[in-house]
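What follows is the content of target_39.cif (mmCIF, N, CA and C atoms).
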```cif
data_entry
#
loop_
_atom_site.label_atom_id
_atom_site.label_comp_id
_atom_site.auth_asym_id
_atom_site.auth_seq_id
_atom_site.Cartn_x
_atom_site.Cartn_y
_atom_site.Cartn_z
N MET A 1 29.98 -29.29 26.28
CA MET A 1 28.88 -28.38 26.05
C MET A 1 29.24 -27.03 26.65
N ASN A 2 29.28 -26.00 25.81
CA ASN A 2 29.53 -24.65 26.28
C ASN A 2 28.26 -24.09 26.89
N THR A 3 28.40 -23.36 27.98
CA THR A 3 27.24 -22.71 28.58
C THR A 3 27.49 -21.21 28.64
N TYR A 4 26.39 -20.46 28.60
CA TYR A 4 26.46 -19.00 28.54
C TYR A 4 25.36 -18.40 29.40
N THR A 5 25.61 -17.19 29.85
CA THR A 5 24.55 -16.39 30.46
C THR A 5 23.81 -15.70 29.31
N ALA A 6 22.67 -15.12 29.62
CA ALA A 6 21.94 -14.38 28.58
C ALA A 6 22.79 -13.24 28.05
N LYS A 7 23.52 -12.58 28.94
CA LYS A 7 24.37 -11.46 28.52
C LYS A 7 25.46 -11.94 27.57
N GLN A 8 26.07 -13.08 27.86
CA GLN A 8 27.12 -13.62 26.99
C GLN A 8 26.55 -13.99 25.62
N VAL A 9 25.36 -14.58 25.60
CA VAL A 9 24.72 -14.92 24.32
C VAL A 9 24.48 -13.66 23.51
N ALA A 10 23.97 -12.62 24.17
CA ALA A 10 23.71 -11.36 23.47
C ALA A 10 25.00 -10.77 22.91
N GLU A 11 26.09 -10.86 23.66
CA GLU A 11 27.37 -10.32 23.19
C GLU A 11 27.90 -11.09 21.99
N VAL A 12 27.79 -12.42 22.03
CA VAL A 12 28.24 -13.24 20.90
C VAL A 12 27.44 -12.87 19.65
N LEU A 13 26.13 -12.77 19.80
CA LEU A 13 25.28 -12.51 18.65
C LEU A 13 25.38 -11.06 18.16
N GLN A 14 25.69 -10.13 19.05
CA GLN A 14 25.85 -8.74 18.61
C GLN A 14 27.02 -8.61 17.65
N ASN A 15 28.01 -9.46 17.77
CA ASN A 15 29.13 -9.45 16.82
C ASN A 15 28.67 -9.87 15.44
N GLU A 16 27.61 -10.66 15.37
CA GLU A 16 27.10 -11.15 14.09
C GLU A 16 25.93 -10.31 13.60
N ASP A 17 25.19 -9.72 14.52
CA ASP A 17 24.03 -8.90 14.17
C ASP A 17 23.90 -7.79 15.20
N PRO A 18 24.26 -6.58 14.84
CA PRO A 18 24.24 -5.47 15.79
C PRO A 18 22.88 -5.20 16.42
N GLN A 19 21.81 -5.67 15.80
CA GLN A 19 20.47 -5.43 16.35
C GLN A 19 20.12 -6.38 17.50
N MET A 20 20.89 -7.44 17.65
CA MET A 20 20.62 -8.39 18.73
C MET A 20 21.09 -7.79 20.05
N ASN A 21 20.27 -7.91 21.07
CA ASN A 21 20.66 -7.40 22.38
C ASN A 21 20.10 -8.29 23.48
N LEU A 22 20.46 -7.99 24.69
CA LEU A 22 20.05 -8.79 25.84
C LEU A 22 18.54 -8.85 25.97
N ARG A 23 17.89 -7.74 25.75
CA ARG A 23 16.42 -7.70 25.85
C ARG A 23 15.78 -8.66 24.84
N THR A 24 16.31 -8.70 23.62
CA THR A 24 15.77 -9.58 22.58
C THR A 24 16.00 -11.04 22.95
N VAL A 25 17.19 -11.37 23.44
CA VAL A 25 17.48 -12.75 23.86
C VAL A 25 16.49 -13.17 24.94
N ARG A 26 16.29 -12.33 25.91
CA ARG A 26 15.36 -12.66 26.99
C ARG A 26 13.92 -12.77 26.48
N TYR A 27 13.54 -11.90 25.57
CA TYR A 27 12.19 -11.94 25.02
C TYR A 27 11.96 -13.24 24.26
N TYR A 28 12.89 -13.62 23.39
CA TYR A 28 12.74 -14.87 22.64
C TYR A 28 12.68 -16.07 23.57
N THR A 29 13.44 -16.00 24.67
CA THR A 29 13.40 -17.09 25.65
C THR A 29 12.04 -17.12 26.33
N GLN A 30 11.55 -15.97 26.72
CA GLN A 30 10.28 -15.86 27.45
C GLN A 30 9.10 -16.35 26.62
N ILE A 31 9.09 -16.05 25.33
CA ILE A 31 7.93 -16.44 24.51
C ILE A 31 8.06 -17.85 23.95
N GLY A 32 9.11 -18.56 24.32
CA GLY A 32 9.25 -19.96 23.93
C GLY A 32 9.82 -20.20 22.54
N MET A 33 10.56 -19.22 22.02
CA MET A 33 11.17 -19.39 20.70
C MET A 33 12.34 -20.36 20.75
N LEU A 34 12.90 -20.54 21.94
CA LEU A 34 14.09 -21.38 22.13
C LEU A 34 13.72 -22.63 22.92
N PRO A 35 14.53 -23.68 22.77
CA PRO A 35 14.33 -24.86 23.62
C PRO A 35 14.54 -24.45 25.09
N PRO A 36 14.04 -25.25 26.02
CA PRO A 36 14.25 -24.92 27.44
C PRO A 36 15.74 -24.78 27.77
N LEU A 37 16.04 -23.87 28.68
CA LEU A 37 17.43 -23.66 29.07
C LEU A 37 17.93 -24.87 29.85
N GLU A 38 19.23 -25.07 29.82
CA GLU A 38 19.86 -26.19 30.54
C GLU A 38 20.04 -25.80 32.00
N LEU A 39 19.93 -26.77 32.88
CA LEU A 39 20.18 -26.53 34.30
C LEU A 39 21.63 -26.90 34.58
N VAL A 40 22.44 -25.91 34.96
CA VAL A 40 23.84 -26.13 35.27
C VAL A 40 24.01 -25.71 36.73
N GLY A 41 24.23 -26.70 37.57
CA GLY A 41 24.25 -26.42 39.00
C GLY A 41 22.84 -26.02 39.41
N ASN A 42 22.69 -24.85 39.97
CA ASN A 42 21.36 -24.38 40.33
C ASN A 42 20.91 -23.20 39.46
N LYS A 43 21.57 -23.02 38.32
CA LYS A 43 21.23 -21.91 37.43
C LYS A 43 20.87 -22.43 36.05
N ARG A 44 19.99 -21.68 35.40
CA ARG A 44 19.64 -21.99 34.01
C ARG A 44 20.67 -21.33 33.10
N ALA A 45 21.07 -22.06 32.06
CA ALA A 45 22.11 -21.54 31.16
C ALA A 45 21.75 -21.81 29.71
N TYR A 46 22.26 -20.94 28.84
CA TYR A 46 22.15 -21.12 27.40
C TYR A 46 23.31 -22.00 26.95
N THR A 47 23.12 -22.68 25.83
CA THR A 47 24.16 -23.54 25.27
C THR A 47 24.39 -23.15 23.81
N ASP A 48 25.32 -23.86 23.17
CA ASP A 48 25.55 -23.63 21.74
C ASP A 48 24.27 -23.86 20.94
N SER A 49 23.47 -24.80 21.37
CA SER A 49 22.20 -25.07 20.70
C SER A 49 21.31 -23.83 20.68
N HIS A 50 21.28 -23.11 21.77
CA HIS A 50 20.47 -21.88 21.84
C HIS A 50 21.02 -20.82 20.88
N LEU A 51 22.34 -20.75 20.77
CA LEU A 51 22.93 -19.81 19.81
C LEU A 51 22.48 -20.15 18.39
N HIS A 52 22.45 -21.44 18.08
CA HIS A 52 22.02 -21.86 16.74
C HIS A 52 20.57 -21.47 16.49
N TYR A 53 19.73 -21.67 17.48
CA TYR A 53 18.32 -21.29 17.34
C TYR A 53 18.17 -19.78 17.16
N LEU A 54 18.92 -19.01 17.92
CA LEU A 54 18.83 -17.56 17.79
C LEU A 54 19.30 -17.09 16.42
N ARG A 55 20.35 -17.68 15.90
CA ARG A 55 20.81 -17.33 14.54
C ARG A 55 19.73 -17.68 13.51
N ALA A 56 19.12 -18.84 13.66
CA ALA A 56 18.07 -19.25 12.73
C ALA A 56 16.87 -18.30 12.82
N ILE A 57 16.52 -17.88 14.02
CA ILE A 57 15.41 -16.93 14.18
C ILE A 57 15.75 -15.63 13.47
N LEU A 58 16.97 -15.16 13.61
CA LEU A 58 17.38 -13.93 12.92
C LEU A 58 17.27 -14.08 11.41
N VAL A 59 17.72 -15.20 10.88
CA VAL A 59 17.64 -15.43 9.44
C VAL A 59 16.19 -15.44 8.98
N LEU A 60 15.36 -16.19 9.68
CA LEU A 60 13.96 -16.29 9.28
C LEU A 60 13.25 -14.94 9.38
N SER A 61 13.53 -14.19 10.42
CA SER A 61 12.88 -12.88 10.54
C SER A 61 13.39 -11.91 9.48
N ARG A 62 14.67 -12.01 9.13
CA ARG A 62 15.22 -11.16 8.07
C ARG A 62 14.65 -11.52 6.71
N SER A 63 14.24 -12.77 6.56
CA SER A 63 13.70 -13.20 5.27
C SER A 63 12.19 -12.97 5.19
N GLY A 64 11.63 -12.28 6.19
CA GLY A 64 10.22 -11.89 6.11
C GLY A 64 9.27 -12.72 6.96
N GLU A 65 9.76 -13.69 7.67
CA GLU A 65 8.90 -14.52 8.51
C GLU A 65 8.48 -13.75 9.76
N THR A 66 7.27 -13.99 10.23
CA THR A 66 6.87 -13.47 11.52
C THR A 66 7.49 -14.35 12.60
N LEU A 67 7.51 -13.87 13.82
CA LEU A 67 8.07 -14.68 14.90
C LEU A 67 7.28 -15.97 15.09
N SER A 68 5.95 -15.89 14.99
CA SER A 68 5.15 -17.11 15.16
C SER A 68 5.41 -18.10 14.03
N SER A 69 5.57 -17.60 12.83
CA SER A 69 5.87 -18.47 11.69
C SER A 69 7.26 -19.10 11.85
N ALA A 70 8.22 -18.30 12.30
CA ALA A 70 9.58 -18.82 12.53
C ALA A 70 9.55 -19.89 13.62
N GLN A 71 8.79 -19.65 14.65
CA GLN A 71 8.68 -20.61 15.75
C GLN A 71 8.10 -21.93 15.26
N GLU A 72 7.08 -21.86 14.42
CA GLU A 72 6.48 -23.07 13.85
C GLU A 72 7.49 -23.83 13.00
N LYS A 73 8.22 -23.10 12.17
CA LYS A 73 9.20 -23.75 11.29
C LYS A 73 10.30 -24.45 12.08
N LEU A 74 10.75 -23.81 13.13
CA LEU A 74 11.86 -24.36 13.90
C LEU A 74 11.42 -25.50 14.82
N ALA A 75 10.16 -25.52 15.19
CA ALA A 75 9.67 -26.49 16.18
C ALA A 75 9.93 -27.94 15.79
N GLY A 76 9.76 -28.27 14.53
CA GLY A 76 9.90 -29.65 14.13
C GLY A 76 11.24 -30.03 13.54
N LEU A 77 12.20 -29.12 13.59
CA LEU A 77 13.48 -29.38 12.93
C LEU A 77 14.51 -30.00 13.87
N ALA A 78 15.35 -30.84 13.29
CA ALA A 78 16.51 -31.37 14.02
C ALA A 78 17.53 -30.25 14.13
N ILE A 79 18.42 -30.35 15.10
CA ILE A 79 19.40 -29.29 15.34
C ILE A 79 20.30 -29.04 14.13
N ASP A 80 20.61 -30.07 13.36
CA ASP A 80 21.46 -29.84 12.18
C ASP A 80 20.74 -28.99 11.14
N GLU A 81 19.42 -29.11 11.06
CA GLU A 81 18.65 -28.27 10.13
C GLU A 81 18.58 -26.84 10.64
N VAL A 82 18.47 -26.67 11.95
CA VAL A 82 18.47 -25.34 12.55
C VAL A 82 19.81 -24.67 12.29
N ILE A 83 20.88 -25.43 12.43
CA ILE A 83 22.23 -24.90 12.18
C ILE A 83 22.36 -24.43 10.73
N LYS A 84 21.84 -25.21 9.79
CA LYS A 84 21.92 -24.83 8.37
C LYS A 84 21.21 -23.51 8.12
N ILE A 85 20.06 -23.32 8.74
CA ILE A 85 19.34 -22.05 8.57
C ILE A 85 20.18 -20.92 9.14
N GLY A 86 20.70 -21.11 10.34
CA GLY A 86 21.49 -20.08 11.00
C GLY A 86 22.76 -19.71 10.26
N GLU A 87 23.32 -20.65 9.52
CA GLU A 87 24.54 -20.38 8.76
C GLU A 87 24.31 -19.33 7.67
N ASN A 88 23.06 -19.10 7.32
CA ASN A 88 22.75 -18.10 6.29
C ASN A 88 22.73 -16.68 6.83
N LEU A 89 22.92 -16.52 8.14
CA LEU A 89 22.87 -15.18 8.73
C LEU A 89 23.86 -14.24 8.06
N ARG A 90 25.03 -14.72 7.74
CA ARG A 90 26.04 -13.86 7.12
C ARG A 90 25.55 -13.27 5.80
N LEU A 91 24.66 -13.96 5.11
CA LEU A 91 24.14 -13.45 3.85
C LEU A 91 23.26 -12.23 4.05
N TYR A 92 22.65 -12.13 5.22
CA TYR A 92 21.72 -11.04 5.47
C TYR A 92 22.37 -9.79 6.02
N GLN A 93 23.66 -9.85 6.31
CA GLN A 93 24.28 -8.64 6.84
C GLN A 93 25.55 -8.24 6.12
N SER A 94 25.92 -8.94 5.14
CA SER A 94 27.13 -8.61 4.42
C SER A 94 26.96 -7.30 3.66
N GLU A 95 27.92 -6.41 3.83
CA GLU A 95 27.90 -5.16 3.08
C GLU A 95 27.94 -5.44 1.58
N GLN A 96 28.64 -6.50 1.21
CA GLN A 96 28.72 -6.87 -0.19
C GLN A 96 27.34 -7.21 -0.74
N MET A 97 26.57 -7.93 0.06
CA MET A 97 25.22 -8.32 -0.37
C MET A 97 24.35 -7.09 -0.62
N ILE A 98 24.53 -6.10 0.22
CA ILE A 98 23.73 -4.87 0.08
C ILE A 98 24.09 -4.14 -1.20
N ARG A 99 25.36 -4.18 -1.56
CA ARG A 99 25.80 -3.48 -2.77
C ARG A 99 25.46 -4.24 -4.05
N ASN A 100 25.24 -5.53 -3.94
CA ASN A 100 24.98 -6.34 -5.13
C ASN A 100 23.54 -6.20 -5.60
N GLU A 101 23.34 -6.54 -6.88
CA GLU A 101 21.99 -6.66 -7.42
C GLU A 101 21.45 -8.02 -7.01
N THR A 102 20.19 -8.05 -6.66
CA THR A 102 19.57 -9.31 -6.28
C THR A 102 18.54 -9.68 -7.33
N HIS A 103 18.61 -10.93 -7.81
CA HIS A 103 17.68 -11.42 -8.81
C HIS A 103 16.98 -12.67 -8.26
N VAL A 104 15.67 -12.62 -8.16
CA VAL A 104 14.92 -13.78 -7.71
C VAL A 104 14.65 -14.64 -8.93
N VAL A 105 15.27 -15.81 -8.96
CA VAL A 105 15.13 -16.72 -10.09
C VAL A 105 13.92 -17.62 -9.87
N SER A 106 13.75 -18.08 -8.64
CA SER A 106 12.60 -18.90 -8.30
C SER A 106 12.37 -18.76 -6.80
N GLU A 107 11.39 -19.46 -6.32
CA GLU A 107 11.09 -19.44 -4.88
C GLU A 107 12.28 -19.94 -4.07
N ASP A 108 13.08 -20.82 -4.68
CA ASP A 108 14.20 -21.44 -3.98
C ASP A 108 15.56 -20.83 -4.28
N VAL A 109 15.65 -19.97 -5.28
CA VAL A 109 16.96 -19.47 -5.70
C VAL A 109 16.93 -17.95 -5.88
N ILE A 110 17.87 -17.31 -5.20
CA ILE A 110 18.07 -15.87 -5.34
C ILE A 110 19.54 -15.67 -5.66
N LEU A 111 19.81 -14.94 -6.73
CA LEU A 111 21.19 -14.66 -7.11
C LEU A 111 21.56 -13.26 -6.66
N SER A 112 22.74 -13.15 -6.09
CA SER A 112 23.31 -11.86 -5.73
C SER A 112 24.50 -11.63 -6.65
N VAL A 113 24.42 -10.59 -7.46
CA VAL A 113 25.43 -10.38 -8.50
C VAL A 113 26.11 -9.03 -8.31
N SER A 114 27.42 -9.07 -8.30
CA SER A 114 28.23 -7.86 -8.14
C SER A 114 28.06 -6.93 -9.33
N SER A 115 28.22 -5.64 -9.07
CA SER A 115 28.14 -4.65 -10.15
C SER A 115 29.34 -4.77 -11.10
N ARG A 116 30.35 -5.51 -10.69
CA ARG A 116 31.52 -5.71 -11.56
C ARG A 116 31.23 -6.70 -12.69
N ILE A 117 30.13 -7.43 -12.59
CA ILE A 117 29.75 -8.39 -13.62
C ILE A 117 29.03 -7.62 -14.73
N SER A 118 29.40 -7.91 -15.95
CA SER A 118 28.79 -7.19 -17.08
C SER A 118 27.30 -7.54 -17.20
N PRO A 119 26.51 -6.62 -17.74
CA PRO A 119 25.08 -6.90 -17.93
C PRO A 119 24.83 -8.16 -18.77
N GLU A 120 25.69 -8.39 -19.77
CA GLU A 120 25.52 -9.56 -20.62
C GLU A 120 25.73 -10.85 -19.82
N LEU A 121 26.75 -10.85 -18.99
CA LEU A 121 27.03 -12.04 -18.17
C LEU A 121 25.92 -12.27 -17.14
N LYS A 122 25.39 -11.19 -16.57
CA LYS A 122 24.27 -11.32 -15.61
C LYS A 122 23.09 -12.03 -16.26
N VAL A 123 22.77 -11.61 -17.48
CA VAL A 123 21.65 -12.22 -18.20
C VAL A 123 21.93 -13.70 -18.44
N LYS A 124 23.16 -14.03 -18.87
CA LYS A 124 23.52 -15.43 -19.11
C LYS A 124 23.43 -16.25 -17.82
N MET A 125 23.88 -15.67 -16.72
CA MET A 125 23.83 -16.39 -15.45
C MET A 125 22.39 -16.70 -15.05
N ILE A 126 21.53 -15.71 -15.16
CA ILE A 126 20.13 -15.90 -14.80
C ILE A 126 19.47 -16.92 -15.72
N GLU A 127 19.74 -16.81 -17.01
CA GLU A 127 19.17 -17.77 -17.97
C GLU A 127 19.66 -19.18 -17.68
N THR A 128 20.95 -19.33 -17.37
CA THR A 128 21.52 -20.65 -17.10
C THR A 128 20.92 -21.26 -15.85
N VAL A 129 20.83 -20.50 -14.80
CA VAL A 129 20.26 -21.01 -13.55
C VAL A 129 18.78 -21.37 -13.76
N THR A 130 18.07 -20.54 -14.47
CA THR A 130 16.66 -20.80 -14.76
C THR A 130 16.51 -22.11 -15.53
N ARG A 131 17.36 -22.29 -16.55
CA ARG A 131 17.32 -23.52 -17.36
C ARG A 131 17.63 -24.74 -16.49
N LEU A 132 18.65 -24.65 -15.65
CA LEU A 132 19.01 -25.77 -14.77
C LEU A 132 17.86 -26.13 -13.83
N LEU A 133 17.20 -25.12 -13.32
CA LEU A 133 16.06 -25.39 -12.44
C LEU A 133 14.91 -26.06 -13.19
N GLN A 134 14.68 -25.62 -14.41
CA GLN A 134 13.64 -26.24 -15.22
C GLN A 134 13.98 -27.68 -15.54
N GLU A 135 15.23 -27.96 -15.87
CA GLU A 135 15.67 -29.32 -16.15
C GLU A 135 15.52 -30.20 -14.92
N GLU A 136 15.86 -29.67 -13.78
CA GLU A 136 15.76 -30.42 -12.53
C GLU A 136 14.31 -30.75 -12.22
N GLY A 137 13.43 -29.82 -12.54
CA GLY A 137 12.00 -30.04 -12.31
C GLY A 137 11.43 -31.14 -13.17
N ARG A 138 12.04 -31.37 -14.33
CA ARG A 138 11.56 -32.43 -15.26
C ARG A 138 12.08 -33.79 -14.85
N SER A 139 13.19 -33.81 -14.09
CA SER A 139 13.81 -35.09 -13.72
C SER A 139 12.96 -35.90 -12.80
#
```

If you took the structure in this file and wrote it as structure tokens, what would it be?
Amino acid sequence: MNTYTAKQVAEVLQNEDPQMNLRTVRYYTQIGMLPPLELVGNKRAYTDSHLHYLRAILVLSRSGETLSSAQEKLAGLAIDEVIKIGENLRLYQSEQMIRNETHVVSEDVILSVSSRISPELKVKMIETVTRLLQEEGRS
């Protein structure tokens, strides 16, 4: 189990999200967004689990969730589900994603399409994904 200080956690996360800082890490800890810190010797420490929760919080807040809503969503999840949410963080900060066109196909599917894709192919992609979702809904 890796352990970290709050400063180390902030530094790790700043590499992934420049808006993350020590003050934010401490605030999320203070308001109970994270599981209780681990006791290592006589000091409280963050672990990899806390990093996963912080990544998930960033993803949820970037997707429009309020902090209280994100906290509710994360409260009942197993750590592997929290990790899956956090793995989407890269989608919210990629320069490529910003340059791409975004098409909301359904509540569950959003397509990010490069400008290098022809308009005709974009339409076919959206139609195909829409059809697949409709077929899945009938199954």

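Taking atom CA of Arg62 of chain A as the reference point, atom CA of Tyr46 of chain A is found at 22.8 Å.
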
If you run DSSP on the backbone here, which positions in chain A get alpha helix (DSSP H)? Please write them as a ChimeraX atom specification. /A:6-16,22-30,48-62,67-75,79-86,89-93,95-99,119-138

Run the PyMOL selection byres ((chain A and resi 113) around 8) on the file and write out the hits as a ChimeraX atom specification. /A:96-97,99-103,110-112,114-117,122

Could you save those same residues with N, CA and C atoms as a JSON list (two decimals), in the coordinates of the input?
```
[["chain", "number", "residue", "atom", "x", "y", "z"],
["A", 96, "GLN", "N", 28.64, -6.50, 1.21],
["A", 96, "GLN", "CA", 28.72, -6.87, -0.19],
["A", 96, "GLN", "C", 27.34, -7.21, -0.74],
["A", 97, "MET", "N", 26.57, -7.93, 0.06],
["A", 97, "MET", "CA", 25.22, -8.32, -0.37],
["A", 97, "MET", "C", 24.35, -7.09, -0.62],
["A", 99, "ARG", "N", 25.36, -4.18, -1.56],
["A", 99, "ARG", "CA", 25.80, -3.48, -2.77],
["A", 99, "ARG", "C", 25.46, -4.24, -4.05],
["A", 100, "ASN", "N", 25.24, -5.53, -3.94],
["A", 100, "ASN", "CA", 24.98, -6.34, -5.13],
["A", 100, "ASN", "C", 23.54, -6.20, -5.60],
["A", 101, "GLU", "N", 23.34, -6.54, -6.88],
["A", 101, "GLU", "CA", 21.99, -6.66, -7.42],
["A", 101, "GLU", "C", 21.45, -8.02, -7.01],
["A", 102, "THR", "N", 20.19, -8.05, -6.66],
["A", 102, "THR", "CA", 19.57, -9.31, -6.28],
["A", 102, "THR", "C", 18.54, -9.68, -7.33],
["A", 103, "HIS", "N", 18.61, -10.93, -7.81],
["A", 103, "HIS", "CA", 17.68, -11.42, -8.81],
["A", 103, "HIS", "C", 16.98, -12.67, -8.26],
["A", 110, "ILE", "N", 17.87, -17.31, -5.20],
["A", 110, "ILE", "CA", 18.07, -15.87, -5.34],
["A", 110, "ILE", "C", 19.54, -15.67, -5.66],
["A", 111, "LEU", "N", 19.81, -14.94, -6.73],
["A", 111, "LEU", "CA", 21.19, -14.66, -7.11],
["A", 111, "LEU", "C", 21.56, -13.26, -6.66],
["A", 112, "SER", "N", 22.74, -13.15, -6.09],
["A", 112, "SER", "CA", 23.31, -11.86, -5.73],
["A", 112, "SER", "C", 24.50, -11.63, -6.65],
["A", 114, "SER", "N", 27.42, -9.07, -8.30],
["A", 114, "SER", "CA", 28.23, -7.86, -8.14],
["A", 114, "SER", "C", 28.06, -6.93, -9.33],
["A", 115, "SER", "N", 28.22, -5.64, -9.07],
["A", 115, "SER", "CA", 28.14, -4.65, -10.15],
["A", 115, "SER", "C", 29.34, -4.77, -11.10],
["A", 116, "ARG", "N", 30.35, -5.51, -10.69],
["A", 116, "ARG", "CA", 31.52, -5.71, -11.56],
["A", 116, "ARG", "C", 31.23, -6.70, -12.69],
["A", 117, "ILE", "N", 30.13, -7.43, -12.59],
["A", 117, "ILE", "CA", 29.75, -8.39, -13.62],
["A", 117, "ILE", "C", 29.03, -7.62, -14.73],
["A", 122, "LYS", "N", 25.39, -11.19, -16.57],
["A", 122, "LYS", "CA", 24.27, -11.32, -15.61],
["A", 122, "LYS", "C", 23.09, -12.03, -16.26]]
```

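What separates atom CA of Asp80 of chain A from atom CA of Ile31 of chain A is a distance of 22.7 Å.
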
So that I can check the surroundings of segment 84-86 of chain A, please list as JSON, numbers by chain every protein, DNA and RNA residue that reaches within 7 Å of it, counting only C-alpha atoms and ignoring chain neighbours fewer than 6 positions away. {"A": [52, 55, 56, 59]}

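Those residues that approach Met1 of chain A to within 6.5 Å, counting all atoms listed in the file, are Thr3, Thr47 and Asp48 of chain A; same-chain residues fewer than 2 positions away are not listed.
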
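Closest to Gln8 of chain A among A:Leu22, A:Gly64, A:Met33, A:Gly137 is A:Leu22, based on only N, CA and C atoms.
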
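Note that atom CA of Pro35 of chain A and atom CA of Gln71 of chain A are 10.6 Å apart.
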
Chain A: which residues are strand (DSSP E or B) by DSSP, as a PyMOL selection string? chain A and resi 3-4+38-40+43-47+101-104+110-113

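For the choices A:Leu74, A:Val129, A:Ala10, A:Leu121, the atom-to-atom distance to Arg26 of chain A is smallest for A:Ala10 when using all atoms listed in the file.
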
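Distance check against Asn88 of chain A using only C-alpha atoms: of A:Ser118, A:Ser68, A:Ser61, A:Gln14, the minimum falls on A:Ser61.
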
Picked residues, the PyMOL selection byres (((chain A and resi 4 and name CA) around 12) and name CA), as a ChimeraX atom specification: /A:1-3,5-13,25,37-40,43-51
